[in-house]
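Enquirer: Pasting protein.pdb below, which is PDB, C-alpha atoms and all ligand atoms.
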MODEL        1
ATOM      1  CA  MET D   1      11.020 -35.671   8.628
ATOM      2  CA  ALA D   2      13.099 -34.993  11.730
ATOM      3  CA  GLU D   3      13.076 -38.599  12.991
ATOM      4  CA  VAL D   4      13.879 -39.969   9.528
ATOM      5  CA  ILE D   5      16.802 -37.577   8.960
ATOM      6  CA  LYS D   6      18.028 -38.448  12.449
ATOM      7  CA  ASN D   7      17.890 -42.160  11.503
ATOM      8  CA  PRO D   8      19.654 -42.511   8.092
ATOM      9  CA  ASN D   9      19.000 -46.248   8.077
ATOM     10  CA  VAL D  10      15.246 -45.543   8.056
ATOM     11  CA  LEU D  11      15.684 -43.038   5.197
ATOM     12  CA  ARG D  12      17.604 -45.668   3.185
ATOM     13  CA  LYS D  13      14.842 -48.257   3.696
ATOM     14  CA  ILE D  14      12.102 -45.767   2.725
ATOM     15  CA  GLN D  15      13.975 -44.886  -0.477
ATOM     16  CA  GLU D  16      14.606 -48.556  -1.336
ATOM     17  CA  GLU D  17      10.888 -49.272  -0.980
ATOM     18  CA  ILE D  18       9.809 -46.269  -3.076
ATOM     19  CA  ASP D  19      12.401 -47.081  -5.770
ATOM     20  CA  SER D  20      11.134 -50.677  -5.960
ATOM     21  CA  VAL D  21       7.431 -49.640  -6.185
ATOM     22  CA  VAL D  22       7.691 -46.405  -8.221
ATOM     23  CA  GLY D  23      11.107 -46.595  -9.890
ATOM     24  CA  ARG D  24      13.224 -43.452 -10.471
ATOM     25  CA  GLU D  25      11.675 -42.168 -13.684
ATOM     26  CA  ARG D  26       8.397 -40.679 -12.403
ATOM     27  CA  MET D  27       6.862 -39.012  -9.340
ATOM     28  CA  VAL D  28       4.958 -40.929  -6.626
ATOM     29  CA  LYS D  29       1.187 -41.096  -7.344
ATOM     30  CA  GLU D  30      -1.674 -41.513  -4.886
ATOM     31  CA  SER D  31      -2.274 -45.075  -6.127
ATOM     32  CA  ASP D  32       1.308 -46.003  -5.036
ATOM     33  CA  LEU D  33       0.658 -45.142  -1.374
ATOM     34  CA  THR D  34      -1.155 -48.365  -0.546
ATOM     35  CA  HIS D  35       1.974 -50.324  -1.628
ATOM     36  CA  LEU D  36       4.423 -48.298   0.497
ATOM     37  CA  ASN D  37       4.044 -50.415   3.615
ATOM     38  CA  TYR D  38       7.363 -49.432   5.183
ATOM     39  CA  LEU D  39       6.542 -45.731   4.775
ATOM     40  CA  ARG D  40       3.162 -46.480   6.393
ATOM     41  CA  CYS D  41       5.080 -48.010   9.339
ATOM     42  CA  VAL D  42       7.157 -44.791   9.520
ATOM     43  CA  VAL D  43       4.027 -42.621   9.760
ATOM     44  CA  ARG D  44       2.472 -44.964  12.346
ATOM     45  CA  GLU D  45       5.682 -44.846  14.408
ATOM     46  CA  THR D  46       5.663 -41.038  14.141
ATOM     47  CA  PHE D  47       2.080 -40.923  15.447
ATOM     48  CA  ARG D  48       3.137 -43.247  18.305
ATOM     49  CA  MET D  49       6.031 -41.012  19.386
ATOM     50  CA  HIS D  50       4.841 -37.582  18.307
ATOM     51  CA  PRO D  51       1.026 -37.294  18.141
ATOM     52  CA  ALA D  52       0.100 -33.769  16.993
ATOM     53  CA  GLY D  53      -2.443 -33.433  19.807
ATOM     54  CA  PRO D  54      -1.076 -35.309  22.862
ATOM     55  CA  LEU D  55      -4.388 -35.088  24.760
ATOM     56  CA  LEU D  56      -6.626 -35.106  21.669
ATOM     57  CA  ILE D  57      -9.741 -32.900  22.082
ATOM     58  CA  PRO D  58     -11.414 -32.866  25.542
ATOM     59  CA  HIS D  59     -14.825 -34.547  25.875
ATOM     60  CA  GLU D  60     -17.483 -34.374  28.588
ATOM     61  CA  SER D  61     -19.396 -37.327  30.046
ATOM     62  CA  LEU D  62     -23.188 -36.939  29.759
ATOM     63  CA  ARG D  63     -23.934 -39.713  32.288
ATOM     64  CA  PRO D  64     -21.982 -41.361  35.110
ATOM     65  CA  THR D  65     -20.128 -44.440  33.872
ATOM     66  CA  THR D  66     -17.409 -46.912  34.849
ATOM     67  CA  ILE D  67     -14.611 -47.873  32.461
ATOM     68  CA  GLN D  68     -12.291 -50.704  33.506
ATOM     69  CA  GLY D  69     -12.938 -50.006  37.177
ATOM     70  CA  PHE D  70     -12.546 -46.211  36.904
ATOM     71  CA  HIS D  71     -15.701 -44.300  37.858
ATOM     72  CA  ILE D  72     -16.394 -41.184  35.780
ATOM     73  CA  PRO D  73     -19.168 -38.940  37.186
ATOM     74  CA  ALA D  74     -21.545 -37.064  34.879
ATOM     75  CA  GLN D  75     -20.419 -33.679  33.463
ATOM     76  CA  THR D  76     -16.734 -34.531  33.834
ATOM     77  CA  ARG D  77     -14.123 -33.331  31.379
ATOM     78  CA  VAL D  78     -12.217 -36.347  30.038
ATOM     79  CA  PHE D  79      -8.847 -36.290  28.252
ATOM     80  CA  ILE D  80      -7.309 -39.252  26.396
ATOM     81  CA  ASN D  81      -3.537 -39.093  26.832
ATOM     82  CA  THR D  82      -2.483 -40.532  23.498
ATOM     83  CA  HIS D  83       1.094 -39.321  24.024
ATOM     84  CA  ALA D  84       1.366 -41.503  27.166
ATOM     85  CA  LEU D  85      -0.278 -44.396  25.296
ATOM     86  CA  GLY D  86       2.500 -44.272  22.717
ATOM     87  CA  ARG D  87       5.169 -44.364  25.446
ATOM     88  CA  ASN D  88       3.436 -46.966  27.659
ATOM     89  CA  ARG D  89       6.051 -49.622  28.509
ATOM     90  CA  LYS D  90       3.337 -52.221  29.131
ATOM     91  CA  ILE D  91       2.369 -51.924  25.459
ATOM     92  CA  TRP D  92       5.605 -50.968  23.670
ATOM     93  CA  ALA D  93       9.247 -52.043  24.039
ATOM     94  CA  ASP D  94      12.094 -49.470  23.754
ATOM     95  CA  VAL D  95       9.588 -46.609  23.806
ATOM     96  CA  ASP D  96      12.136 -43.864  23.084
ATOM     97  CA  GLU D  97      13.528 -45.574  19.966
ATOM     98  CA  PHE D  98      12.141 -44.572  16.575
ATOM     99  CA  ARG D  99      11.710 -48.086  15.141
ATOM    100  CA  PRO D 100       9.122 -48.311  12.302
ATOM    101  CA  GLU D 101       9.836 -52.058  11.915
ATOM    102  CA  ARG D 102       7.843 -52.704  15.107
ATOM    103  CA  HIS D 103       4.629 -52.106  13.078
ATOM    104  CA  TRP D 104       5.501 -54.431  10.181
ATOM    105  CA  PRO D 105       2.676 -57.026  10.045
ATOM    106  CA  ALA D 106       3.884 -60.642  10.205
ATOM    107  CA  ASP D 107       1.418 -61.585   7.427
ATOM    108  CA  GLY D 108       2.556 -58.726   5.140
ATOM    109  CA  SER D 109      -0.896 -57.073   5.169
ATOM    110  CA  ARG D 110      -1.345 -53.316   4.668
ATOM    111  CA  VAL D 111      -0.347 -51.274   7.716
ATOM    112  CA  GLU D 112      -3.290 -49.409   9.257
ATOM    113  CA  ILE D 113      -2.223 -45.896  10.305
ATOM    114  CA  SER D 114      -5.403 -44.677  11.908
ATOM    115  CA  HIS D 115      -6.269 -46.931  14.852
ATOM    116  CA  GLY D 116      -6.881 -50.581  14.005
ATOM    117  CA  ALA D 117      -8.660 -53.114  16.163
ATOM    118  CA  ASP D 118      -6.091 -52.783  18.955
ATOM    119  CA  PHE D 119      -6.529 -49.087  19.977
ATOM    120  CA  LYS D 120      -2.762 -48.902  20.660
ATOM    121  CA  ILE D 121      -2.280 -45.671  18.646
ATOM    122  CA  LEU D 122      -5.006 -43.016  18.518
ATOM    123  CA  PRO D 123      -3.769 -39.988  16.530
ATOM    124  CA  PHE D 124      -7.317 -39.282  15.308
ATOM    125  CA  SER D 125      -9.125 -40.433  18.484
ATOM    126  CA  ALA D 126     -11.824 -43.129  18.165
ATOM    127  CA  GLY D 127     -15.575 -43.597  18.304
ATOM    128  CA  LYS D 128     -18.293 -41.414  16.820
ATOM    129  CA  ARG D 129     -16.392 -38.107  17.298
ATOM    130  CA  LYS D 130     -13.214 -39.501  15.716
ATOM    131  CA  CYS D 131     -11.564 -37.155  13.195
ATOM    132  CA  PRO D 132     -13.635 -37.352   9.990
ATOM    133  CA  GLY D 133     -10.608 -36.101   8.029
ATOM    134  CA  ALA D 134      -8.400 -39.071   9.008
ATOM    135  CA  PRO D 135      -8.285 -40.718   5.531
ATOM    136  CA  LEU D 136      -7.475 -37.357   3.895
ATOM    137  CA  GLY D 137      -4.921 -36.542   6.635
ATOM    138  CA  VAL D 138      -3.166 -39.902   6.203
ATOM    139  CA  THR D 139      -3.097 -39.555   2.409
ATOM    140  CA  LEU D 140      -1.661 -36.021   2.541
ATOM    141  CA  VAL D 141       1.034 -36.972   5.073
ATOM    142  CA  LEU D 142       2.035 -40.102   3.098
ATOM    143  CA  MET D 143       2.069 -38.236  -0.209
ATOM    144  CA  ALA D 144       4.166 -35.323   1.055
ATOM    145  CA  LEU D 145       6.695 -37.629   2.753
ATOM    146  CA  ALA D 146       6.869 -40.080  -0.162
ATOM    147  CA  ARG D 147       7.683 -37.303  -2.629
ATOM    148  CA  LEU D 148      10.204 -35.564  -0.364
ATOM    149  CA  PHE D 149      12.071 -38.826   0.351
ATOM    150  CA  HIS D 150      11.855 -40.060  -3.241
ATOM    151  CA  CYS D 151      13.124 -36.808  -4.776
ATOM    152  CA  PHE D 152      15.830 -35.878  -2.269
ATOM    153  CA  ASN D 153      18.473 -37.236   0.057
ATOM    154  CA  TRP D 154      18.337 -35.498   3.435
ATOM    155  CA  THR D 155      21.169 -34.797   5.865
ATOM    156  CA  PRO D 156      21.679 -32.578   8.932
ATOM    157  CA  PRO D 157      23.183 -29.138   8.125
ATOM    158  CA  ASP D 158      26.984 -28.910   7.657
ATOM    159  CA  GLY D 159      28.875 -29.433  10.877
ATOM    160  CA  GLU D 160      25.949 -31.103  12.664
ATOM    161  CA  THR D 161      25.780 -34.828  13.245
ATOM    162  CA  THR D 162      22.254 -35.265  14.520
ATOM    163  CA  ILE D 163      18.772 -33.720  14.633
ATOM    164  CA  ASP D 164      17.224 -32.329  17.817
ATOM    165  CA  THR D 165      13.732 -33.846  18.213
ATOM    166  CA  THR D 166      12.845 -32.141  21.513
ATOM    167  CA  GLU D 167       9.195 -31.064  21.644
ATOM    168  CA  VAL D 168       7.228 -28.356  23.423
ATOM    169  CA  TYR D 169       4.453 -29.703  25.673
ATOM    170  CA  GLY D 170       0.997 -28.159  25.247
ATOM    171  CA  MET D 171      -2.348 -28.800  23.552
ATOM    172  CA  THR D 172      -0.251 -29.374  20.434
ATOM    173  CA  MET D 173       3.376 -30.520  20.447
ATOM    174  CA  PRO D 174       5.517 -28.682  17.874
ATOM    175  CA  LYS D 175       9.282 -29.162  17.696
ATOM    176  CA  ALA D 176      11.107 -26.946  20.178
ATOM    177  CA  ARG D 177      13.454 -25.782  17.405
ATOM    178  CA  PRO D 178      12.659 -25.649  13.662
ATOM    179  CA  LEU D 179      14.039 -28.482  11.533
ATOM    180  CA  LEU D 180      17.079 -27.494   9.466
ATOM    181  CA  ALA D 181      18.242 -30.022   6.871
ATOM    182  CA  VAL D 182      20.056 -30.190   3.546
ATOM    183  CA  ALA D 183      18.157 -31.620   0.550
ATOM    184  CA  THR D 184      20.136 -33.114  -2.354
ATOM    185  CA  PRO D 185      18.314 -34.201  -5.544
ATOM    186  CA  ARG D 186      18.584 -37.964  -6.166
ATOM    187  CA  LEU D 187      16.581 -38.377  -9.401
ATOM    188  CA  ALA D 188      17.499 -37.519 -12.989
ATOM    189  CA  ASP D 189      16.926 -33.830 -13.892
ATOM    190  CA  HIS D 190      14.028 -34.481 -16.312
ATOM    191  CA  THR D 191      11.997 -36.208 -13.563
ATOM    192  CA  TYR D 192      11.519 -32.901 -11.729
ATOM    193  CA  HIS D 193       9.915 -31.093 -14.697
TER     194      HIS D 193
HETATM  195  C1  LIG D 201      -2.821 -35.746  10.218
HETATM  196  C2  LIG D 201      -3.860 -34.907  10.213
HETATM  197  C3  LIG D 201      -4.939 -34.864  11.287
HETATM  198  C4  LIG D 201      -4.900 -35.228  12.615
HETATM  199  C5  LIG D 201      -3.724 -35.813  13.411
HETATM  200  C6  LIG D 201      -6.235 -34.970  13.169
HETATM  201  C7  LIG D 201      -6.615 -35.226  14.485
HETATM  202  C8  LIG D 201      -7.885 -34.969  15.012
HETATM  203  C9  LIG D 201      -8.289 -35.245  16.372
HETATM  204  C10 LIG D 201      -7.400 -35.864  17.447
HETATM  205  C11 LIG D 201      -9.586 -34.853  16.503
HETATM  206  C12 LIG D 201     -10.433 -34.916  17.791
HETATM  207  C13 LIG D 201     -11.324 -36.147  17.846
HETATM  208  C14 LIG D 201     -12.091 -36.189  19.142
HETATM  209  O1  LIG D 201     -12.908 -35.282  19.392
HETATM  210  O2  LIG D 201     -11.893 -37.107  19.929
HETATM  211  C15 LIG D 201     -10.012 -34.328  15.222
HETATM  212  C16 LIG D 201     -11.279 -33.830  14.967
HETATM  213  C17 LIG D 201     -11.680 -33.319  13.758
HETATM  214  N1  LIG D 201     -10.945 -33.271  12.597
HETATM  215 FE1  LIG D 201      -9.030 -33.910  12.372
HETATM  216  N2  LIG D 201      -7.026 -34.458  12.178
HETATM  217  C18 LIG D 201      -6.289 -34.386  11.004
HETATM  218  C19 LIG D 201      -6.727 -33.970   9.766
HETATM  219  C20 LIG D 201      -7.996 -33.492   9.491
HETATM  220  C21 LIG D 201      -8.468 -33.090   8.169
HETATM  221  C22 LIG D 201      -7.594 -33.168   6.892
HETATM  222  C23 LIG D 201      -9.754 -32.673   8.332
HETATM  223  C24 LIG D 201     -10.741 -32.126   7.314
HETATM  224  C25 LIG D 201     -10.563 -32.220   6.016
HETATM  225  C26 LIG D 201     -10.110 -32.815   9.743
HETATM  226  C27 LIG D 201     -11.331 -32.485  10.293
HETATM  227  C28 LIG D 201     -11.706 -32.689  11.613
HETATM  228  C29 LIG D 201     -13.021 -32.333  12.176
HETATM  229  C30 LIG D 201     -14.177 -31.665  11.428
HETATM  230  C31 LIG D 201     -13.003 -32.732  13.518
HETATM  231  C32 LIG D 201     -14.141 -32.582  14.545
HETATM  232  C33 LIG D 201     -14.986 -33.870  14.568
HETATM  233  C34 LIG D 201     -16.114 -33.842  15.623
HETATM  234  O3  LIG D 201     -15.996 -33.170  16.649
HETATM  235  O4  LIG D 201     -17.111 -34.556  15.418
HETATM  236  N3  LIG D 201      -9.023 -33.320  10.402
HETATM  237  N4  LIG D 201      -8.962 -34.412  14.319
ENDMDL
END
Hey, can you dump this file as C-alpha cells for me?
Expert:
Amino acid sequence: MAEVIKNPNVLRKIQEEIDSVVGRERMVKESDLTHLNYLRCVVRETFRMHPAGPLLIPHESLRPTTIQGFHIPAQTRVFINTHALGRNRKIWADVDEFRPERHWPADGSRVEISHGADFKILPFSAGKRKCPGAPLGVTLVLMALARLFHCFNWTPPDGETTIDTTEVYGMTMPKARPLLAVATPRLADHTYH
C-alpha cells in the first residue's frame, strides 16, 4: 500500500488493469486474480524490496556441506538474507526504485510471485521447509490489494506530498511509522452494497 500510494503512476496502472478485467460494476473475485498480471508484478516487487522476514526462519545444517565454494560445518545455524537478495546489484538494476514493470514477462505469461525457477526472490523460502501457506498467502494479499485499489483512490494525507517507507530492521521488518492515507471511493454507490 505504502509504495503504491507513494508512486501514483503505479496506482493508475493497477486501476486501469482492474477496470479492464473486472469493470466498475462489481467487486473483484478470486477468479480474477490470475488475470491481474500487473498487480502480481506489484506484489512481487514488494516482496523484492520489503520481504516480511528479511532473514526468513533460521535453519541448522545436519551434515557438513559445501555450497558454491562456501563450507558449512555440521550443526551450524544458517540464515538466508532474502532482503539482501532483493537489493543485490548483481541481480537487479536500480535496486531502490519501486518498479513493478521489471517483473513483466516478455512472453506475457502469468507472473509467479512465490519463487520461480530463478530463485531471485524468496519471500516464502524454498525447498522442503518452504512456507506451506504460500498459495493462500499470495491469494489473500492479491485479493486485499485488488479490492482496496479497485474501490478507492489513495493519496497521502492533506499537506503531505509523499509517503515515508522507512522500515525497522529485525526478525520482521514493519514500517517505522504507521501508514496514513486518504481513501476516496471511485465506484458507483450501489457497487459497495
Ligand atoms: C504473505 C504471507 C506469508 C509469508 C511471507 C510467509 C513466509 C514464511 C517463511 C519465510 C517461512 C519459513 C520457511 C523456512 O523455514 O525456510 C514460513 C513457514 C511457514 N509458514 Fe508461512 N508465510 C505466509 C503465509 C502463511 C500462511 C497463510 C500460512 C498458513 C495458512 C503459513 C504457514 C506456515 C507454516 C506452517 C510454516 C512452517 C513450515 C515448516 O517449518 O515446515 N504461512 N512462512
Enquirer: At a cut-off of 12 Å, using all atoms listed in the file, what residues contact Leu148 of chain D? Leave out same-chain residues fewer than 4 positions from it and give the result as a PDB file with C-alpha atoms, in the coordinates of the input.
Expert:
ATOM      1  CA  MET D   1      11.020 -35.671   8.628  1.00  0.00           C
ATOM      2  CA  VAL D   4      13.879 -39.969   9.528  1.00  0.00           C
ATOM      3  CA  ILE D   5      16.802 -37.577   8.960  1.00  0.00           C
ATOM      4  CA  LEU D  11      15.684 -43.038   5.197  1.00  0.00           C
ATOM      5  CA  ILE D  14      12.102 -45.767   2.725  1.00  0.00           C
ATOM      6  CA  GLN D  15      13.975 -44.886  -0.477  1.00  0.00           C
ATOM      7  CA  ILE D  18       9.809 -46.269  -3.076  1.00  0.00           C
ATOM      8  CA  MET D  27       6.862 -39.012  -9.340  1.00  0.00           C
ATOM      9  CA  VAL D  28       4.958 -40.929  -6.626  1.00  0.00           C
ATOM     10  CA  LEU D  39       6.542 -45.731   4.775  1.00  0.00           C
ATOM     11  CA  VAL D 141       1.034 -36.972   5.073  1.00  0.00           C
ATOM     12  CA  LEU D 142       2.035 -40.102   3.098  1.00  0.00           C
ATOM     13  CA  MET D 143       2.069 -38.236  -0.209  1.00  0.00           C
ATOM     14  CA  ALA D 144       4.166 -35.323   1.055  1.00  0.00           C
ATOM     15  CA  PHE D 152      15.830 -35.878  -2.269  1.00  0.00           C
ATOM     16  CA  ASN D 153      18.473 -37.236   0.057  1.00  0.00           C
ATOM     17  CA  TRP D 154      18.337 -35.498   3.435  1.00  0.00           C
ATOM     18  CA  VAL D 182      20.056 -30.190   3.546  1.00  0.00           C
ATOM     19  CA  ALA D 183      18.157 -31.620   0.550  1.00  0.00           C
ATOM     20  CA  THR D 184      20.136 -33.114  -2.354  1.00  0.00           C
ATOM     21  CA  PRO D 185      18.314 -34.201  -5.544  1.00  0.00           C
ATOM     22  CA  ARG D 186      18.584 -37.964  -6.166  1.00  0.00           C
ATOM     23  CA  LEU D 187      16.581 -38.377  -9.401  1.00  0.00           C
ATOM     24  CA  TYR D 192      11.519 -32.901 -11.729  1.00  0.00           C
TER      25      TYR D 192
END
Enquirer: 12 Å from ligand LIG 201 (chain D) is the threshold here; counting all atoms listed in the file, which polymer residues fall inside it? Answer as a PyMOL selection string.
Expert: chain D and resi 43-44+46-48+50-60+78-83+113-115+121-144+171-173
Enquirer: Just how far from atom CA of Asp19 of chain D is atom CA of Pro157 of chain D, in Å to one decimal?
Expert: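 Interatomic distance, atom CA of Pro157 of chain D to atom CA of Asp19 of chain D: 25.1 Å.
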Enquirer: Run the PyMOL selection byres (((chain D and resi 64) around 12) and not hetatm) on the file and write out the hits as a PDB file with C-alpha atoms, in the frame of the given file.
Expert:
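Output (result-v9.pdb):
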ATOM      1  CA  GLU D  60     -17.483 -34.374  28.588  1.00  0.00           C
ATOM      2  CA  SER D  61     -19.396 -37.327  30.046  1.00  0.00           C
ATOM      3  CA  LEU D  62     -23.188 -36.939  29.759  1.00  0.00           C
ATOM      4  CA  ARG D  63     -23.934 -39.713  32.288  1.00  0.00           C
ATOM      5  CA  THR D  65     -20.128 -44.440  33.872  1.00  0.00           C
ATOM      6  CA  THR D  66     -17.409 -46.912  34.849  1.00  0.00           C
ATOM      7  CA  ILE D  67     -14.611 -47.873  32.461  1.00  0.00           C
ATOM      8  CA  PHE D  70     -12.546 -46.211  36.904  1.00  0.00           C
ATOM      9  CA  HIS D  71     -15.701 -44.300  37.858  1.00  0.00           C
ATOM     10  CA  ILE D  72     -16.394 -41.184  35.780  1.00  0.00           C
ATOM     11  CA  PRO D  73     -19.168 -38.940  37.186  1.00  0.00           C
ATOM     12  CA  ALA D  74     -21.545 -37.064  34.879  1.00  0.00           C
ATOM     13  CA  GLN D  75     -20.419 -33.679  33.463  1.00  0.00           C
ATOM     14  CA  THR D  76     -16.734 -34.531  33.834  1.00  0.00           C
ATOM     15  CA  ARG D  77     -14.123 -33.331  31.379  1.00  0.00           C
TER      16      ARG D  77
END
Enquirer: So which residues get picked by the PyMOL selection byres (((chain D and resi 109) around 12) and not hetatm) here, written as a list in words?
Expert: Thr34, His35, Leu36, Asn37, Tyr38, Arg40, Cys41, His103, Trp104, Pro105, Ala106, Asp107, Gly108, Arg110, Val111 and Glu112 of chain D
Enquirer: Keeping C-alpha atoms, export the residues of the selection given above as an mmCIF file, keeping the file's coordinate frame.
Expert:
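So the final result, stored in part.cif, reads:
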data_model
loop_
_atom_site.group_PDB
_atom_site.id
_atom_site.type_symbol
_atom_site.label_atom_id
_atom_site.label_comp_id
_atom_site.auth_asym_id
_atom_site.auth_seq_id
_atom_site.Cartn_x
_atom_site.Cartn_y
_atom_site.Cartn_z
ATOM 1 C CA THR D 34 -1.155 -48.365 -0.546
ATOM 2 C CA HIS D 35 1.974 -50.324 -1.628
ATOM 3 C CA LEU D 36 4.423 -48.298 0.497
ATOM 4 C CA ASN D 37 4.044 -50.415 3.615
ATOM 5 C CA TYR D 38 7.363 -49.432 5.183
ATOM 6 C CA ARG D 40 3.162 -46.480 6.393
ATOM 7 C CA CYS D 41 5.080 -48.010 9.339
ATOM 8 C CA HIS D 103 4.629 -52.106 13.078
ATOM 9 C CA TRP D 104 5.501 -54.431 10.181
ATOM 10 C CA PRO D 105 2.676 -57.026 10.045
ATOM 11 C CA ALA D 106 3.884 -60.642 10.205
ATOM 12 C CA ASP D 107 1.418 -61.585 7.427
ATOM 13 C CA GLY D 108 2.556 -58.726 5.140
ATOM 14 C CA ARG D 110 -1.345 -53.316 4.668
ATOM 15 C CA VAL D 111 -0.347 -51.274 7.716
ATOM 16 C CA GLU D 112 -3.290 -49.409 9.257
#
Enquirer: Expressed in Å to a single decimal, how great is the separation between atom CA of Arg99 of chain D and atom CA of Arg26 of chain D?
Expert: 28.7 Å
